[in-house]
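S.K.: Once you've had a glance at the structure underneath, I'll fire off some questions.
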There are 2 protein chains.
Amino acid sequence: MTNRILLVEDDEALGRQVSETLSQAGFEPHWVQDGDEARPLNPDDYCAVVLDLMLPGTYGMDLLKRYRRVSEVPVLILSARDDTSDKIRGLKLGADDYVTKPFFPEELIARIHACLRRPNLVDTKRVAVGSVQIDFERREARTEEEVLTLTPVEFEILVLLARRKGSAVSRDAIVDAVLDAAHEGSRRTLDVHISRLRRKLGMASGQLETVWGIGYRLNDAS
Amino acid sequence: MTNRILLVEDDEALGRQVSETLSQAGFEPHWVQDGDEARPLNPDDYCAVVLDLMLPGTYGMDLLKRYRRVSEVPVLILSARDDTSDKIRGLKLGADDYVTKPFFPEELIARIHACLRRPNLVDTKRVAVGSVQIDFERREARTEEEVLTLTPVEFEILVLLARRKGSAVSRDAIVDAVLDAAHEGSRRTLDVHISRLRRKLGMASGQLETVWGIGYRLNDAS
DNA sequence: TCCCGAGTTAAGGAACCCTTAAGGTCCCAA
DNA sequence: TTGGGACCTTAAGGGTTCCTTAACTCGGGA
């Protein structure tokens with residue numbers, strides 16, 4: 001996990017000040033002063049983005065939209081004290097928090113930390129793990145090739161593993177979470193579900209690894 | 001167009017004060033002090049909802065979610081000055097604005113007016129989902145071939161699904177929203193309505209998908 | 001090699017959903 | 001007031017999908 005933070009801020013003085021604040025807090029700021037410069041950057045290279053909505057060139061709002069399309073990185077927006085409508089639009093477009101100018105450095109840092117700590121305020125609509133994509137709203141999962149027709153249990157298992165992608169999740173945890181606890185009988189049931197899930201995953205089945213003696217893990221790459 | 005405003009506020013003093021403010025501004029406030037009391041109300045009977053997120057009984061957030069499921073009425077949330085995360089969650093769940101406590105009465109009124117003025121982001125008069133078009137004003141639905149003669153319940157179901165097009169909507173949510181909750185009897189009732197709706201949809205019936213174990217979903221394309 | 005955890009398959013039964021048909025209610029017009 | 005129509009609900013049967021179990025196979029680790 002990187003500690004780099006992308007700072008998009010056209011104001012010279014404010015940008016320098018924020019950069020310094022971020023550095024002192026142990027982050028590694030990357031400061032760009034122009035929306036067009038920020039546009040081609042990959043937001044996933046950063047642990048968070050701090051974005052001033054009042055920008056020349058590409059408008060801040062467009063940048064936000066763009067980043068949201070391709071990534072789930074936390075985005076904080078800087079807004080003028082009284083520009084409520086910008087805050088609202090920003091948040092609805094997926095920003096994670098806002099800081100009102102002028103602000104104390106500690107406040108910004110605290111907000112960033114809060115964003116990094118809290119996984120997300122609202123259940124995110126979609127999650128991608130490698131070539132597997134899950135759309136919670138549609139309640140649908142797909143690989144690069146096709147939409148998967150999963151049963152409720154299979155879908156739940158996939159979601160659980162995806163939410164904790166890269167972590168080994170114990171068999172008990174999965175059984176607890178997605179299977180009817182009453183059927184404490186055969187623990188083998190999970191095997192069956194996993195087996196079928198793998199088959200349906202097709203090419204992507206390699207991402208669903210067995211952690212011997214523990215449980216399973218869904219990896220980003222196979 | 002009604003000028004009634006639903007105010008959900010448990011605090012006695014604040015509730016009375018806001019009610020009065022609304023009255024003086026020419027609105028007709030309906031003040032309820034409890035989330036559970038507000039729950040069964042139909043938000044479409046009001047021109048706006050003012051909602052305190054800190055509520056006993058049903059949590060304000062749940063109320064907001066519920067209202068958003070069934071209606072597009074503007075919702076303003078009242079929040080404590082420093083509870084940013086509530087504001088953010090509220091806005092992401094579809095609130096249209098927030099007012100921070102304590103506030104000046106004029107501010108609240110101004111915000112309400114702004115919400116009412118602001119043309120909705122979506123064209124609320126009509127919605128199209130794939131080949132299905134719904135005209136709320138005419139209260140009419142049609143496919144590419146023909147105008148559908150739907151019963152009230154069928155129309156409501158279609159509207160609910162169309163408003164959340166692409167999302168899986170649970171059976172309970174649909175029953176809650178469009179069927180008389182008192183008739184908790186047979187859950188099969190919804191099946192019947194869906195069945196008849198599908199038949200009437202004709203060619204477009206493929207867009208109305210069953211999400212097994214969850215509910216239904218209206219897709220853009222079949 | 002042996003043991004035990006994990007994978008696979010098939011089959012029975014449970015859960016869920018769709019459809020048809022039969023009341024029941026409400027409203028309107030005769 | 002009464003008859004009829006439109007609509008909603010309920011009931012019942014049947015179909016589909018899904019979960020579990022059981023039995024067997026596979027494979028890693030001692």
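In the structure tokens, the first chain shown is A, the next is B, and so on; residue numbers restart at 1 for each chain, and ligands run from 1 in the order shown.
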Calculate the C-alpha RMSD, in Å to one decimal, after superposing chain B onto chain A by least squares over all C-alpha atoms paired in sequence order.

M.R.: 15.7 Å

S.K.: Give me, as an MDAnalysis selection string, all polymer residues having an atom no more than 12 Å from region 14-26 of chain D, counting only C-alpha atoms (C1' of nucleotides) and skipping those fewer than 4 positions away in the same chain.

M.R.: (chainID A and resid 149:154 178:180 182:193) or (chainID B and resid 210:213) or (chainID C and resid 4:20)

S.K.: What is the distance between CA of Leu76 (chain B) and CA of Ser19 (chain B), in Å to one decimal?

M.R.: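 One can read the CA of Leu76 (chain B) to CA of Ser19 (chain B) distance as 14.5 Å.
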
S.K.: How far is it from CA of Asp97 (chain A) to CA of Thr21 (chain A), in Å with one decimal?

M.R.: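 One can read the CA of Asp97 (chain A) to CA of Thr21 (chain A) distance as 18.0 Å.
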
S.K.: Give as a ChimeraX atom specification every residue of chain A that touches chain B within 12 Å, counting only C-alpha atoms.

M.R.: /A:76,84-100,111,114-115,118,120-126,135-140,149-156

S.K.: Rank B:Val70, B:Ala80, B:Ile174, B:Arg198 by their smallest atom-to-atom distance to chain C, using only C-alpha atoms (C1' of nucleotides), and report the top residue only.

M.R.: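 Smallest distance to chain C is found for B:Arg198.
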
S.K.: If you take only C-alpha atoms (C1' of nucleotides) and a cut-off of 12 Å, which residues of chain D touch chain B, and what are their nearest atom pairs and distances in Å to one decimal, in chain and number order, as a tab-separated table?

M.R.:
residue	atom	partner	partner_atom	distance
D:DA6	C1'	B:Thr151	CA	8.8
D:DC7	C1'	B:Thr151	CA	7.2
D:DC8	C1'	B:Thr189	CA	8.7
D:DT9	C1'	B:Thr189	CA	6.6
D:DT10	C1'	B:Ser186	CA	6.9
D:DA11	C1'	B:Ser186	CA	9.4
D:DA12	C1'	B:Arg188	CA	11.5
D:DT16	C1'	B:Trp212	CA	11.1
D:DT17	C1'	B:Trp212	CA	8.4
D:DC18	C1'	B:Trp212	CA	9.5

S.K.: How about saving the chosen residues, C-alpha atoms (C1' of nucleotides) kept, as a short mmCIF file (atom, residue, chain, number, x, y, z; two decimals), in the first residue's frame?

M.R.:
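Now in again_6.cif:
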data_model
loop_
_atom_site.label_atom_id
_atom_site.label_comp_id
_atom_site.auth_asym_id
_atom_site.auth_seq_id
_atom_site.Cartn_x
_atom_site.Cartn_y
_atom_site.Cartn_z
"C1'" DA D 6 -62.45 -3.68 -13.07
"C1'" DC D 7 -59.31 -4.86 -9.94
"C1'" DC D 8 -57.03 -7.13 -6.05
"C1'" DT D 9 -56.31 -11.12 -3.31
"C1'" DT D 10 -56.08 -15.92 -2.19
"C1'" DA D 11 -55.65 -20.68 -3.10
"C1'" DA D 12 -53.77 -24.57 -5.41
"C1'" DT D 16 -38.03 -24.77 -12.04
"C1'" DT D 17 -34.05 -23.80 -9.45
"C1'" DC D 18 -31.33 -24.51 -5.66
#

S.K.: Going by DSSP on the backbone, which residues of region 54-157 of chain B come out as helix (DSSP H, G or I)? List them as a ChimeraX atom specification.

M.R.: /B:60-70,84-92,105-117,152-157

S.K.: Would you output that residue set with C-alpha atoms, as a tab-separated table (two decimals), in the first residue's frame?

M.R.:
chain	number	residue	atom	x	y	z
B	60	GLY	CA	-33.49	8.64	9.93
B	61	MET	CA	-31.17	6.99	7.50
B	62	ASP	CA	-33.56	4.10	6.98
B	63	LEU	CA	-36.38	6.50	6.41
B	64	LEU	CA	-34.35	8.31	3.81
B	65	LYS	CA	-33.54	5.08	2.05
B	66	ARG	CA	-37.14	4.04	2.10
B	67	TYR	CA	-38.43	7.32	0.75
B	68	ARG	CA	-35.84	7.26	-1.97
B	69	ARG	CA	-36.97	3.86	-3.03
B	70	VAL	CA	-40.49	4.96	-3.71
B	84	THR	CA	-19.90	15.39	8.58
B	85	SER	CA	-20.11	11.67	8.03
B	86	ASP	CA	-23.86	11.72	8.47
B	87	LYS	CA	-24.18	14.49	5.96
B	88	ILE	CA	-22.11	12.56	3.51
B	89	ARG	CA	-24.00	9.35	3.96
B	90	GLY	CA	-27.25	11.23	3.70
B	91	LEU	CA	-26.33	12.91	0.47
B	92	LYS	CA	-25.06	9.72	-1.01
B	105	PRO	CA	-35.08	29.88	9.81
B	106	GLU	CA	-34.50	31.87	6.63
B	107	GLU	CA	-31.72	29.54	5.67
B	108	LEU	CA	-33.94	26.50	5.86
B	109	ILE	CA	-36.61	28.20	3.80
B	110	ALA	CA	-34.07	29.30	1.24
B	111	ARG	CA	-32.77	25.76	0.93
B	112	ILE	CA	-36.22	24.35	0.49
B	113	HIS	CA	-36.99	26.86	-2.20
B	114	ALA	CA	-33.75	26.03	-3.92
B	115	CYS	CA	-34.64	22.34	-3.92
B	116	LEU	CA	-38.07	22.99	-5.32
B	117	ARG	CA	-36.73	25.31	-7.95
B	152	PRO	CA	-52.85	0.76	-10.82
B	153	VAL	CA	-50.77	-1.83	-9.03
B	154	GLU	CA	-49.11	-3.02	-12.19
B	155	PHE	CA	-48.27	0.54	-13.10
B	156	GLU	CA	-46.79	1.23	-9.68
B	157	ILE	CA	-44.63	-1.85	-9.84

S.K.: Please measure the separation of CA of Ala162 (chain B) and CA of Pro74 (chain B), giving the value in Å to one decimal.

M.R.: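 About the pair CA of Ala162 (chain B) and CA of Pro74 (chain B): they are 18.7 Å apart.
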
S.K.: Could you write out, as an NGL selection string, all the residues of region 3-173 of chain A that DSSP marks as strand (DSSP E or B)?

M.R.: :A and (4-8 or 28-32 or 48-52 or 75-80 or 97-101 or 126-129 or 132-135 or 140-142 or 147-148 or 168-170)

S.K.: I need the chosen residues saved as a compact mmCIF listing (two decimals), in the first residue's frame, with N, CA and C atoms.

M.R.:
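To be explicit, this is the file written out as result09.txt:
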# COMPACT_ATOMS: atom_id res chain seq x y z
N ARG A 4 1.33 7.50 -1.21
CA ARG A 4 1.34 8.67 -2.07
C ARG A 4 -0.06 9.29 -2.15
N ILE A 5 -0.08 10.58 -2.17
CA ILE A 5 -1.36 11.29 -2.28
C ILE A 5 -1.28 12.26 -3.45
N LEU A 6 -2.28 12.18 -4.29
CA LEU A 6 -2.34 13.10 -5.42
C LEU A 6 -3.07 14.37 -4.99
N LEU A 7 -2.37 15.49 -5.14
CA LEU A 7 -2.96 16.78 -4.77
C LEU A 7 -3.17 17.59 -6.04
N VAL A 8 -4.39 17.93 -6.33
CA VAL A 8 -4.69 18.74 -7.51
C VAL A 8 -5.15 20.11 -7.02
N GLU A 28 3.30 11.07 0.98
CA GLU A 28 4.20 11.48 -0.09
C GLU A 28 3.37 12.21 -1.14
N PRO A 29 3.31 13.51 -1.07
CA PRO A 29 2.40 14.25 -1.94
C PRO A 29 2.93 14.35 -3.37
N HIS A 30 2.02 14.26 -4.30
CA HIS A 30 2.33 14.55 -5.69
C HIS A 30 1.41 15.68 -6.11
N TRP A 31 2.01 16.83 -6.26
CA TRP A 31 1.21 18.04 -6.47
C TRP A 31 1.18 18.41 -7.94
N VAL A 32 0.00 18.46 -8.52
CA VAL A 32 -0.12 18.99 -9.88
C VAL A 32 -1.05 20.19 -9.81
N ALA A 48 -4.87 8.18 -1.89
CA ALA A 48 -5.98 9.14 -1.81
C ALA A 48 -5.72 10.29 -2.77
N VAL A 49 -6.80 11.00 -3.10
CA VAL A 49 -6.69 12.17 -3.96
C VAL A 49 -7.31 13.35 -3.24
N VAL A 50 -6.58 14.48 -3.24
CA VAL A 50 -7.15 15.72 -2.69
C VAL A 50 -7.35 16.66 -3.87
N LEU A 51 -8.58 17.07 -4.08
CA LEU A 51 -8.93 17.73 -5.32
C LEU A 51 -9.64 19.05 -5.07
N ASP A 52 -9.06 20.10 -5.63
CA ASP A 52 -9.75 21.39 -5.56
C ASP A 52 -10.72 21.47 -6.73
N VAL A 75 -11.45 10.14 -2.54
CA VAL A 75 -11.24 11.49 -3.06
C VAL A 75 -11.81 12.49 -2.07
N LEU A 76 -10.98 13.43 -1.64
CA LEU A 76 -11.46 14.54 -0.82
C LEU A 76 -11.52 15.77 -1.67
N ILE A 77 -12.56 16.54 -1.55
CA ILE A 77 -12.62 17.76 -2.32
C ILE A 77 -12.43 18.97 -1.41
N LEU A 78 -11.75 19.94 -1.95
CA LEU A 78 -11.59 21.21 -1.26
C LEU A 78 -12.63 22.16 -1.84
N SER A 79 -13.36 22.82 -1.00
CA SER A 79 -14.39 23.72 -1.52
C SER A 79 -14.40 25.01 -0.73
N ALA A 80 -14.88 26.04 -1.37
CA ALA A 80 -15.03 27.32 -0.69
C ALA A 80 -16.06 27.17 0.41
N ASP A 97 -15.29 12.85 0.97
CA ASP A 97 -15.38 13.84 2.03
C ASP A 97 -15.06 15.19 1.42
N TYR A 98 -15.29 16.23 2.18
CA TYR A 98 -14.93 17.54 1.70
C TYR A 98 -14.30 18.32 2.83
N VAL A 99 -13.45 19.26 2.48
CA VAL A 99 -12.86 20.14 3.47
C VAL A 99 -13.10 21.56 2.99
N THR A 100 -13.58 22.36 3.88
CA THR A 100 -13.93 23.73 3.53
C THR A 100 -12.74 24.65 3.72
N LYS A 101 -12.48 25.44 2.71
CA LYS A 101 -11.39 26.42 2.81
C LYS A 101 -11.89 27.66 3.55
N ARG A 126 -20.01 -1.26 -6.93
CA ARG A 126 -19.34 -2.31 -7.67
C ARG A 126 -17.95 -2.58 -7.10
N VAL A 127 -17.50 -3.80 -7.30
CA VAL A 127 -16.17 -4.19 -6.87
C VAL A 127 -15.56 -5.03 -7.97
N ALA A 128 -14.29 -4.83 -8.18
CA ALA A 128 -13.60 -5.66 -9.16
C ALA A 128 -12.43 -6.35 -8.49
N VAL A 129 -12.31 -7.62 -8.73
CA VAL A 129 -11.17 -8.38 -8.23
C VAL A 129 -10.58 -9.10 -9.43
N VAL A 132 -12.77 -10.46 -12.26
CA VAL A 132 -14.13 -10.68 -11.77
C VAL A 132 -14.72 -9.36 -11.30
N GLN A 133 -15.89 -9.05 -11.81
CA GLN A 133 -16.54 -7.81 -11.41
C GLN A 133 -17.88 -8.13 -10.78
N ILE A 134 -18.16 -7.43 -9.69
CA ILE A 134 -19.42 -7.65 -9.00
C ILE A 134 -20.18 -6.34 -8.94
N ASP A 135 -21.42 -6.41 -9.34
CA ASP A 135 -22.30 -5.26 -9.26
C ASP A 135 -23.37 -5.56 -8.24
N GLU A 140 -25.26 -8.92 -9.60
CA GLU A 140 -24.80 -9.66 -10.76
C GLU A 140 -23.28 -9.69 -10.74
N ALA A 141 -22.73 -10.81 -11.16
CA ALA A 141 -21.28 -10.91 -11.25
C ALA A 141 -20.90 -11.29 -12.67
N ARG A 142 -19.74 -10.82 -13.08
CA ARG A 142 -19.33 -11.18 -14.43
C ARG A 142 -17.80 -11.28 -14.52
N VAL A 147 -21.52 -12.73 -18.30
CA VAL A 147 -22.26 -12.59 -17.05
C VAL A 147 -22.41 -13.98 -16.45
N LEU A 148 -22.14 -14.08 -15.17
CA LEU A 148 -22.26 -15.37 -14.51
C LEU A 148 -23.67 -15.55 -13.98
N ALA A 168 -7.17 -14.55 3.26
CA ALA A 168 -7.71 -15.89 3.43
C ALA A 168 -8.91 -15.78 4.37
N VAL A 169 -10.01 -16.38 3.95
CA VAL A 169 -11.21 -16.38 4.77
C VAL A 169 -11.49 -17.81 5.18
N SER A 170 -11.69 -18.01 6.47
CA SER A 170 -11.83 -19.38 6.95
C SER A 170 -13.14 -20.00 6.49
